[in-house]
Amino acid sequence: MSQGSSTIEVLSGPQVWGELRSAWDDLLGRQSDGIGNLDITAGLDWVMTLWENFLKAGDIQVLVLRQGRECAGILPLYRSGKRVRQIPCRNLSQLPEIYAGRSGFLLREPNPETLQQMLQYARTRIPAWDVLTITLLRGSLHEKLFLELAAANGLATRVIEEQFSPYIPLQENWEQHFASLPKKFRSTIRNGEKRLRERGELSYRECRTPREAAEFNSAVEEIERDSWKETAGTSIASNPVHKAFHRAITLRAAEQGFFSGHLLLQNQQPIAYVMGLLYNGVFLDLKESYRNTFREMSPGHVLKSFLFTRLYVHRATLFDFMGRCEEYKMKWTDKTYCRSTYLLFNSTPRGTLARWVGSLGNPAPKSDAPRQPDAPLPANYEGSEQGTEREPGRVKTTGRTIKV
């Protein structure tokens, strides 16, 4: 498809990875410098790892918009099945919809014309889909463009889910940051560190290189075997696909220079970890846990006190907790952002039917908006994470029924 000097081509599989590295990195780098923008989970390495582990290297379609010699936009798509109010629909989604954080549209210039060309191509040239699933940051320019273009083209959209996550803007230095925390919480961190030091040699380690990433992965498995997740059946090792994905992304991120893993050790034995990615000044907390035997000493919070000190050395500006607004995270911050998941209904017979049936009753979207706890939390509460898994997003499976 061409429009003036613009053309769109469709790439697939390994062809994508070989041809788009430079362009993909450039587009992401232009719009990933703050909490209101994309994060590294919209990047090529994350998408490659999703493709290899969740889609088993299956068919994908990556739309590439070129304006002259420049790559102006990239839209990576995959297919799945989805039921909308029991209507079986053929679903089209961006690859990061499988499992990601703050994703959106990869555009050189986020303007209506560029996005219009890509969505129009998807509607008219990619056959056999009834609904498009897309998750966008609430209030972002990408959300505004998407909704305006849908309205201009007479396409119905509906929010089906809202996911809130906490984040922390880093202050001038760790001393200032620590002083801004609630007094009781500062005591929790100090007392936890003191008690851990009384039991043996306490040390901290940051892992960045591929060799360190491999050692970090081994430490993670060791810690998780002694965490509540092992009993609950939600540890990394309990799900082979998740285990393979996290091992692969840590190694690939280390090779590309944006892996940032953190370990707390006692007597040289790992007792807590934070698995993260550090890109363009933003740290993503992918997963974290600690040995259950050390729970009363708040090892997760103690580790973060070391981690934040290190982030200031790296000149980071933001810490993104990702996932849900669990109590242990909200001890660190009261700031959140919202990711809204939309369905866009195509004008196919099933898309039209799903749109009509979905409009009946018009229920509120599923939401995990943070709520105040019913009772004050103990001063040394760390958050067991029980009942929720530490994931940056959520895995969307085929055949899911969406009540819209």
# chains A, B, ... in the order shown; residues from 1 in each chain; ligands from 1
>>> residues_around(residues="Met330 of chain A", least_positions_apart="3", cutoff="10 Å", atoms="only C-alpha atoms", output="list in words")
Ser165, Pro166, Tyr167, Ile168, Phe321, Arg324, Cys325, Glu326, Glu327, Thr333, Asp334, Lys335, Thr336, Pro370 and Gly383 of chain A
>>> write_last_selection(atoms="C-alpha atoms", output="mmCIF file, in the first residue's frame")
data_model
loop_
_atom_site.group_PDB
_atom_site.id
_atom_site.type_symbol
_atom_site.label_atom_id
_atom_site.label_comp_id
_atom_site.auth_asym_id
_atom_site.auth_seq_id
_atom_site.Cartn_x
_atom_site.Cartn_y
_atom_site.Cartn_z
ATOM 1 C CA SER A 165 0.372 -0.061 38.446
ATOM 2 C CA PRO A 166 2.502 1.957 40.890
ATOM 3 C CA TYR A 167 5.659 3.849 39.991
ATOM 4 C CA ILE A 168 8.266 5.969 41.784
ATOM 5 C CA PHE A 321 6.784 -1.530 39.858
ATOM 6 C CA ARG A 324 -0.888 -4.715 40.531
ATOM 7 C CA CYS A 325 -0.996 -2.129 43.289
ATOM 8 C CA GLU A 326 -0.143 -4.534 46.090
ATOM 9 C CA GLU A 327 0.286 -3.201 49.611
ATOM 10 C CA THR A 333 4.740 5.352 46.580
ATOM 11 C CA ASP A 334 1.210 6.654 46.091
ATOM 12 C CA LYS A 335 1.609 7.279 42.362
ATOM 13 C CA THR A 336 -0.023 5.019 39.767
ATOM 14 C CA PRO A 370 -6.111 0.446 43.987
ATOM 15 C CA GLY A 383 3.784 -8.003 51.315
#
>>> residues_around(residues="segment 338-341 of chain A", least_positions_apart="5", cutoff="8 Å", atoms="only C-alpha atoms", output="PyMOL selection string")
chain A and resi 102+133-138+159-165
>>> residues_around(residues="segment 169-186 of chain A", least_positions_apart="3", cutoff="10 Å", atoms="only C-alpha atoms", output="MDAnalysis selection string")
chainID A and resid 34:35 189:192 282 301 305:306 308:313 315:320 331:333 335 378:382
>>> atom_distance(atom1="atom CA of Ser218 of chain A", atom2="atom CA of Phe283 of chain A")
21.7 Å
>>> atom_distance(atom1="atom CA of Ser203 of chain A", atom2="atom CA of Ala248 of chain A")
26.5 Å
>>> select_by_dssp(residues="segment 102-273 of chain A", states="strand (DSSP E or B)", output="NGL selection string")
:A and (106-107 or 131-137 or 157-169 or 202-207 or 259-266 or 269-273)
>>> write_last_selection(atoms="N, CA and C atoms", output="CSV table (one decimal), in the first residue's frame")
chain,number,residue,atom,x,y,z
A,106,LEU,N,4.5,2.0,17.8
A,106,LEU,CA,5.8,2.4,17.5
A,106,LEU,C,5.8,3.3,16.2
A,107,LEU,N,5.8,4.6,16.5
A,107,LEU,CA,5.7,5.6,15.4
A,107,LEU,C,6.9,6.6,15.5
A,131,VAL,N,-12.1,-8.6,15.7
A,131,VAL,CA,-11.8,-7.6,16.7
A,131,VAL,C,-10.3,-7.4,16.8
A,132,LEU,N,-9.9,-6.2,17.2
A,132,LEU,CA,-8.5,-5.8,17.4
A,132,LEU,C,-8.3,-5.5,18.9
A,133,THR,N,-7.4,-6.1,19.6
A,133,THR,CA,-7.1,-5.9,21.0
A,133,THR,C,-5.9,-5.0,21.1
A,134,ILE,N,-6.0,-3.9,21.8
A,134,ILE,CA,-4.8,-3.0,22.0
A,134,ILE,C,-4.9,-2.4,23.4
A,135,THR,N,-3.7,-2.4,24.1
A,135,THR,CA,-3.6,-1.8,25.4
A,135,THR,C,-2.8,-0.5,25.3
A,136,LEU,N,-3.4,0.6,25.9
A,136,LEU,CA,-2.7,1.9,25.8
A,136,LEU,C,-2.8,2.6,27.1
A,137,LEU,N,-1.8,3.4,27.4
A,137,LEU,CA,-1.8,4.2,28.6
A,137,LEU,C,-2.9,5.2,28.6
A,157,THR,N,-15.3,1.2,19.6
A,157,THR,CA,-14.3,0.7,20.6
A,157,THR,C,-14.9,0.5,21.9
A,158,ARG,N,-14.3,-0.3,22.7
A,158,ARG,CA,-14.9,-0.5,24.1
A,158,ARG,C,-13.7,-0.9,25.0
A,159,VAL,N,-13.6,-0.3,26.2
A,159,VAL,CA,-12.6,-0.6,27.2
A,159,VAL,C,-13.1,-1.9,27.9
A,160,ILE,N,-12.3,-2.9,27.9
A,160,ILE,CA,-12.7,-4.2,28.5
A,160,ILE,C,-11.9,-4.4,29.8
A,161,GLU,N,-10.8,-3.7,30.0
A,161,GLU,CA,-10.0,-3.9,31.2
A,161,GLU,C,-9.2,-2.7,31.6
A,162,GLU,N,-9.0,-2.4,32.8
A,162,GLU,CA,-8.2,-1.4,33.3
A,162,GLU,C,-7.2,-1.9,34.3
A,163,GLN,N,-5.9,-1.7,34.1
A,163,GLN,CA,-4.9,-2.3,35.0
A,163,GLN,C,-4.0,-1.1,35.5
A,164,PHE,N,-4.1,-1.0,36.9
A,164,PHE,CA,-3.3,0.1,37.5
A,164,PHE,C,-2.0,-0.5,38.1
A,165,SER,N,-0.9,0.3,37.9
A,165,SER,CA,0.4,-0.1,38.4
A,165,SER,C,1.0,1.1,39.1
A,166,PRO,N,1.8,0.9,40.2
A,166,PRO,CA,2.5,2.0,40.9
A,166,PRO,C,3.9,2.2,40.3
A,167,TYR,N,4.3,3.5,40.5
A,167,TYR,CA,5.7,3.8,40.0
A,167,TYR,C,6.2,4.9,41.0
A,168,ILE,N,7.6,5.1,40.9
A,168,ILE,CA,8.3,6.0,41.8
A,168,ILE,C,9.1,6.9,41.0
A,169,PRO,N,8.9,8.2,41.0
A,169,PRO,CA,9.8,9.2,40.4
A,169,PRO,C,11.0,9.3,41.4
A,202,LEU,N,26.1,-9.7,55.4
A,202,LEU,CA,25.1,-9.2,54.5
A,202,LEU,C,25.8,-8.5,53.3
A,203,SER,N,25.4,-8.9,52.1
A,203,SER,CA,26.0,-8.3,51.0
A,203,SER,C,25.0,-8.1,49.9
A,204,TYR,N,25.4,-7.2,48.9
A,204,TYR,CA,24.5,-6.9,47.8
A,204,TYR,C,25.2,-7.0,46.5
A,205,ARG,N,24.5,-7.4,45.4
A,205,ARG,CA,25.2,-7.6,44.1
A,205,ARG,C,24.2,-7.2,43.0
A,206,GLU,N,24.8,-6.4,42.1
A,206,GLU,CA,24.0,-6.1,40.8
A,206,GLU,C,24.6,-6.9,39.7
A,207,CYS,N,23.7,-7.5,38.9
A,207,CYS,CA,24.2,-8.4,37.8
A,207,CYS,C,23.8,-7.7,36.5
A,259,PHE,N,19.9,-5.3,31.0
A,259,PHE,CA,19.5,-6.1,32.1
A,259,PHE,C,20.1,-5.5,33.4
A,260,SER,N,19.3,-5.6,34.4
A,260,SER,CA,19.7,-5.1,35.7
A,260,SER,C,19.1,-6.0,36.8
A,261,GLY,N,19.8,-7.0,37.2
A,261,GLY,CA,19.3,-7.9,38.3
A,261,GLY,C,20.0,-7.6,39.6
A,262,HIS,N,19.3,-7.8,40.7
A,262,HIS,CA,19.8,-7.4,42.0
A,262,HIS,C,19.5,-8.5,43.0
A,263,LEU,N,20.6,-8.8,43.8
A,263,LEU,CA,20.6,-9.9,44.7
A,263,LEU,C,21.0,-9.4,46.1
A,264,LEU,N,20.3,-9.9,47.1
A,264,LEU,CA,20.7,-9.7,48.5
A,264,LEU,C,21.2,-11.0,49.0
A,265,LEU,N,22.4,-11.0,49.6
A,265,LEU,CA,23.0,-12.3,50.0
A,265,LEU,C,23.3,-12.2,51.5
A,266,GLN,N,23.2,-13.4,52.2
A,266,GLN,CA,23.6,-13.5,53.5
A,266,GLN,C,24.6,-14.7,53.6
A,269,GLN,N,25.0,-16.5,50.4
A,269,GLN,CA,23.8,-17.2,49.9
A,269,GLN,C,22.7,-16.2,49.5
A,270,PRO,N,22.1,-16.3,48.3
A,270,PRO,CA,21.1,-15.4,47.9
A,270,PRO,C,19.8,-15.6,48.7
A,271,ILE,N,19.3,-14.5,49.2
A,271,ILE,CA,18.0,-14.6,50.0
A,271,ILE,C,16.9,-13.7,49.4
A,272,ALA,N,17.2,-12.8,48.5
A,272,ALA,CA,16.2,-12.0,47.9
A,272,ALA,C,16.7,-11.5,46.5
A,273,TYR,N,15.7,-11.3,45.6
A,273,TYR,CA,16.1,-10.8,44.3
A,273,TYR,C,15.1,-9.8,43.7
>>> closest_atom_pairs(of="segment 12-125 of chain A", to="segment 235-241 of chain A", cutoff="12 Å", atoms="only C-alpha atoms", output="Markdown table")
| residue | atom | partner | partner_atom | distance |
| --- | --- | --- | --- | --- |
| A:Thr49 | CA | A:Val241 | CA | 11.0 |
| A:Leu50 | CA | A:Val241 | CA | 10.0 |
| A:Trp51 | CA | A:Val241 | CA | 11.7 |
| A:Glu52 | CA | A:Val241 | CA | 10.1 |
| A:Asn53 | CA | A:Val241 | CA | 6.4 |
| A:Phe54 | CA | A:Val241 | CA | 7.0 |
| A:Leu55 | CA | A:Val241 | CA | 10.4 |
| A:Lys56 | CA | A:Val241 | CA | 10.0 |
>>> closest_residue(among="A:Pro349, A:Gly300, A:Arg252, A:Leu196", to="Pro210 of chain A", atoms="only C-alpha atoms")
A:Arg252
>>> atom_distance(atom1="atom CA of Phe105 of chain A", atom2="atom CA of Ile74 of chain A")
7.5 Å
>>> closest_residue(among="A:Tyr99, A:Phe345, A:Phe258, A:Tyr328", to="Ser359 of chain A", atoms="only C-alpha atoms")
A:Phe345
>>> select_by_dssp(residues="segment 27-236 of chain A", states="alpha helix (DSSP H)", output="VMD selection string")
chain A and resid 27 to 30 44 to 53 112 to 125 141 to 152 174 to 180 183 to 198 210 to 225 228 to 232
>>> residues_around(residues="Trp24 of chain A", least_positions_apart="6", cutoff="10 Å", atoms="only C-alpha atoms", output="PyMOL selection string")
chain A and resi 16-17+42-45+71-74+106-108
>>> closest_residue(among="A:Gln120, A:Asn292, A:Asn37, A:Asn111", to="Arg225 of chain A", atoms="only C-alpha atoms")
A:Asn292
>>> decode(residues="segment 54-97 of chain A", atoms="N, CA and C atoms", output="short mmCIF file (atom, residue, chain, number, x, y, z; two decimals), in the first residue's frame")
data_model
loop_
_atom_site.label_atom_id
_atom_site.label_comp_id
_atom_site.auth_asym_id
_atom_site.auth_seq_id
_atom_site.Cartn_x
_atom_site.Cartn_y
_atom_site.Cartn_z
N PHE A 54 6.13 -17.90 23.61
CA PHE A 54 4.69 -18.02 23.73
C PHE A 54 4.01 -18.42 22.42
N LEU A 55 4.58 -18.01 21.31
CA LEU A 55 3.98 -18.35 20.02
C LEU A 55 4.72 -19.49 19.33
N LYS A 56 5.75 -20.02 20.01
CA LYS A 56 6.53 -21.14 19.47
C LYS A 56 7.03 -20.84 18.06
N ALA A 57 7.47 -19.59 17.87
CA ALA A 57 8.02 -19.15 16.58
C ALA A 57 7.02 -19.33 15.45
N GLY A 58 5.72 -19.13 15.76
CA GLY A 58 4.67 -19.26 14.74
C GLY A 58 4.56 -18.04 13.85
N ASP A 59 3.52 -18.04 13.03
CA ASP A 59 3.33 -16.97 12.06
C ASP A 59 2.98 -15.65 12.75
N ILE A 60 3.60 -14.58 12.32
CA ILE A 60 3.24 -13.24 12.74
C ILE A 60 3.27 -12.35 11.50
N GLN A 61 2.65 -11.20 11.60
CA GLN A 61 2.66 -10.23 10.52
C GLN A 61 3.10 -8.90 11.11
N VAL A 62 4.19 -8.35 10.60
CA VAL A 62 4.71 -7.09 11.10
C VAL A 62 4.57 -6.05 9.99
N LEU A 63 3.70 -5.06 10.23
CA LEU A 63 3.51 -3.99 9.26
C LEU A 63 4.61 -2.95 9.45
N VAL A 64 5.25 -2.58 8.35
CA VAL A 64 6.32 -1.60 8.38
C VAL A 64 5.95 -0.45 7.45
N LEU A 65 5.77 0.73 8.02
CA LEU A 65 5.45 1.91 7.24
C LEU A 65 6.74 2.67 6.94
N ARG A 66 7.00 2.89 5.67
CA ARG A 66 8.19 3.62 5.27
C ARG A 66 7.79 4.91 4.56
N GLN A 67 8.46 5.97 4.94
CA GLN A 67 8.28 7.26 4.29
C GLN A 67 9.62 7.65 3.69
N GLY A 68 9.72 7.49 2.39
CA GLY A 68 11.01 7.64 1.73
C GLY A 68 11.94 6.54 2.21
N ARG A 69 13.11 6.91 2.71
CA ARG A 69 14.05 5.91 3.21
C ARG A 69 13.90 5.64 4.70
N GLU A 70 13.02 6.37 5.36
CA GLU A 70 12.88 6.23 6.81
C GLU A 70 11.75 5.27 7.17
N CYS A 71 11.97 4.53 8.26
CA CYS A 71 10.92 3.70 8.83
C CYS A 71 10.09 4.60 9.74
N ALA A 72 8.81 4.77 9.42
CA ALA A 72 7.95 5.69 10.17
C ALA A 72 7.05 4.99 11.17
N GLY A 73 6.90 3.68 11.05
CA GLY A 73 6.04 2.97 11.99
C GLY A 73 6.19 1.47 11.87
N ILE A 74 6.00 0.77 13.00
CA ILE A 74 6.06 -0.69 13.04
C ILE A 74 4.88 -1.19 13.85
N LEU A 75 4.14 -2.14 13.30
CA LEU A 75 2.98 -2.70 13.98
C LEU A 75 3.07 -4.22 13.94
N PRO A 76 3.57 -4.88 15.01
CA PRO A 76 3.71 -6.34 15.04
C PRO A 76 2.42 -7.01 15.49
N LEU A 77 1.87 -7.89 14.67
CA LEU A 77 0.56 -8.46 14.92
C LEU A 77 0.60 -9.98 14.97
N TYR A 78 -0.28 -10.56 15.80
CA TYR A 78 -0.47 -12.01 15.80
C TYR A 78 -1.96 -12.29 15.95
N ARG A 79 -2.34 -13.50 15.62
CA ARG A 79 -3.76 -13.89 15.64
C ARG A 79 -4.05 -14.82 16.81
N SER A 80 -5.28 -14.75 17.29
CA SER A 80 -5.75 -15.67 18.32
C SER A 80 -7.26 -15.73 18.25
N GLY A 81 -7.85 -16.65 19.01
CA GLY A 81 -9.30 -16.73 19.11
C GLY A 81 -9.77 -16.02 20.37
N LYS A 82 -10.93 -15.42 20.32
CA LYS A 82 -11.47 -14.72 21.49
C LYS A 82 -12.99 -14.73 21.42
N ARG A 83 -13.62 -14.96 22.56
CA ARG A 83 -15.08 -14.90 22.62
C ARG A 83 -15.50 -13.59 23.27
N VAL A 84 -16.37 -12.88 22.59
CA VAL A 84 -16.92 -11.64 23.11
C VAL A 84 -18.39 -11.87 23.39
N ARG A 85 -18.73 -11.95 24.66
CA ARG A 85 -20.10 -12.28 25.07
C ARG A 85 -20.58 -13.54 24.33
N GLN A 86 -19.73 -14.55 24.36
CA GLN A 86 -19.99 -15.87 23.75
C GLN A 86 -19.98 -15.86 22.23
N ILE A 87 -19.68 -14.74 21.61
CA ILE A 87 -19.55 -14.70 20.14
C ILE A 87 -18.11 -15.05 19.79
N PRO A 88 -17.85 -16.16 19.08
CA PRO A 88 -16.47 -16.50 18.73
C PRO A 88 -15.94 -15.52 17.69
N CYS A 89 -14.84 -14.86 18.03
CA CYS A 89 -14.27 -13.85 17.15
C CYS A 89 -12.83 -14.17 16.80
N ARG A 90 -12.44 -13.74 15.63
CA ARG A 90 -11.05 -13.85 15.21
C ARG A 90 -10.35 -12.57 15.66
N ASN A 91 -9.39 -12.73 16.54
CA ASN A 91 -8.76 -11.59 17.19
C ASN A 91 -7.40 -11.29 16.58
N LEU A 92 -7.11 -10.00 16.44
CA LEU A 92 -5.81 -9.53 16.00
C LEU A 92 -5.25 -8.67 17.13
N SER A 93 -4.00 -8.92 17.52
CA SER A 93 -3.39 -8.17 18.62
C SER A 93 -1.95 -7.82 18.29
N GLN A 94 -1.45 -6.75 18.91
CA GLN A 94 -0.02 -6.49 18.85
C GLN A 94 0.70 -7.55 19.68
N LEU A 95 1.90 -7.92 19.27
CA LEU A 95 2.65 -8.96 19.99
C LEU A 95 2.82 -8.67 21.48
N PRO A 96 3.13 -7.43 21.89
CA PRO A 96 3.28 -7.19 23.33
C PRO A 96 2.00 -7.41 24.13
N GLU A 97 0.84 -7.56 23.46
CA GLU A 97 -0.39 -7.85 24.19
C GLU A 97 -0.30 -9.19 24.92
#
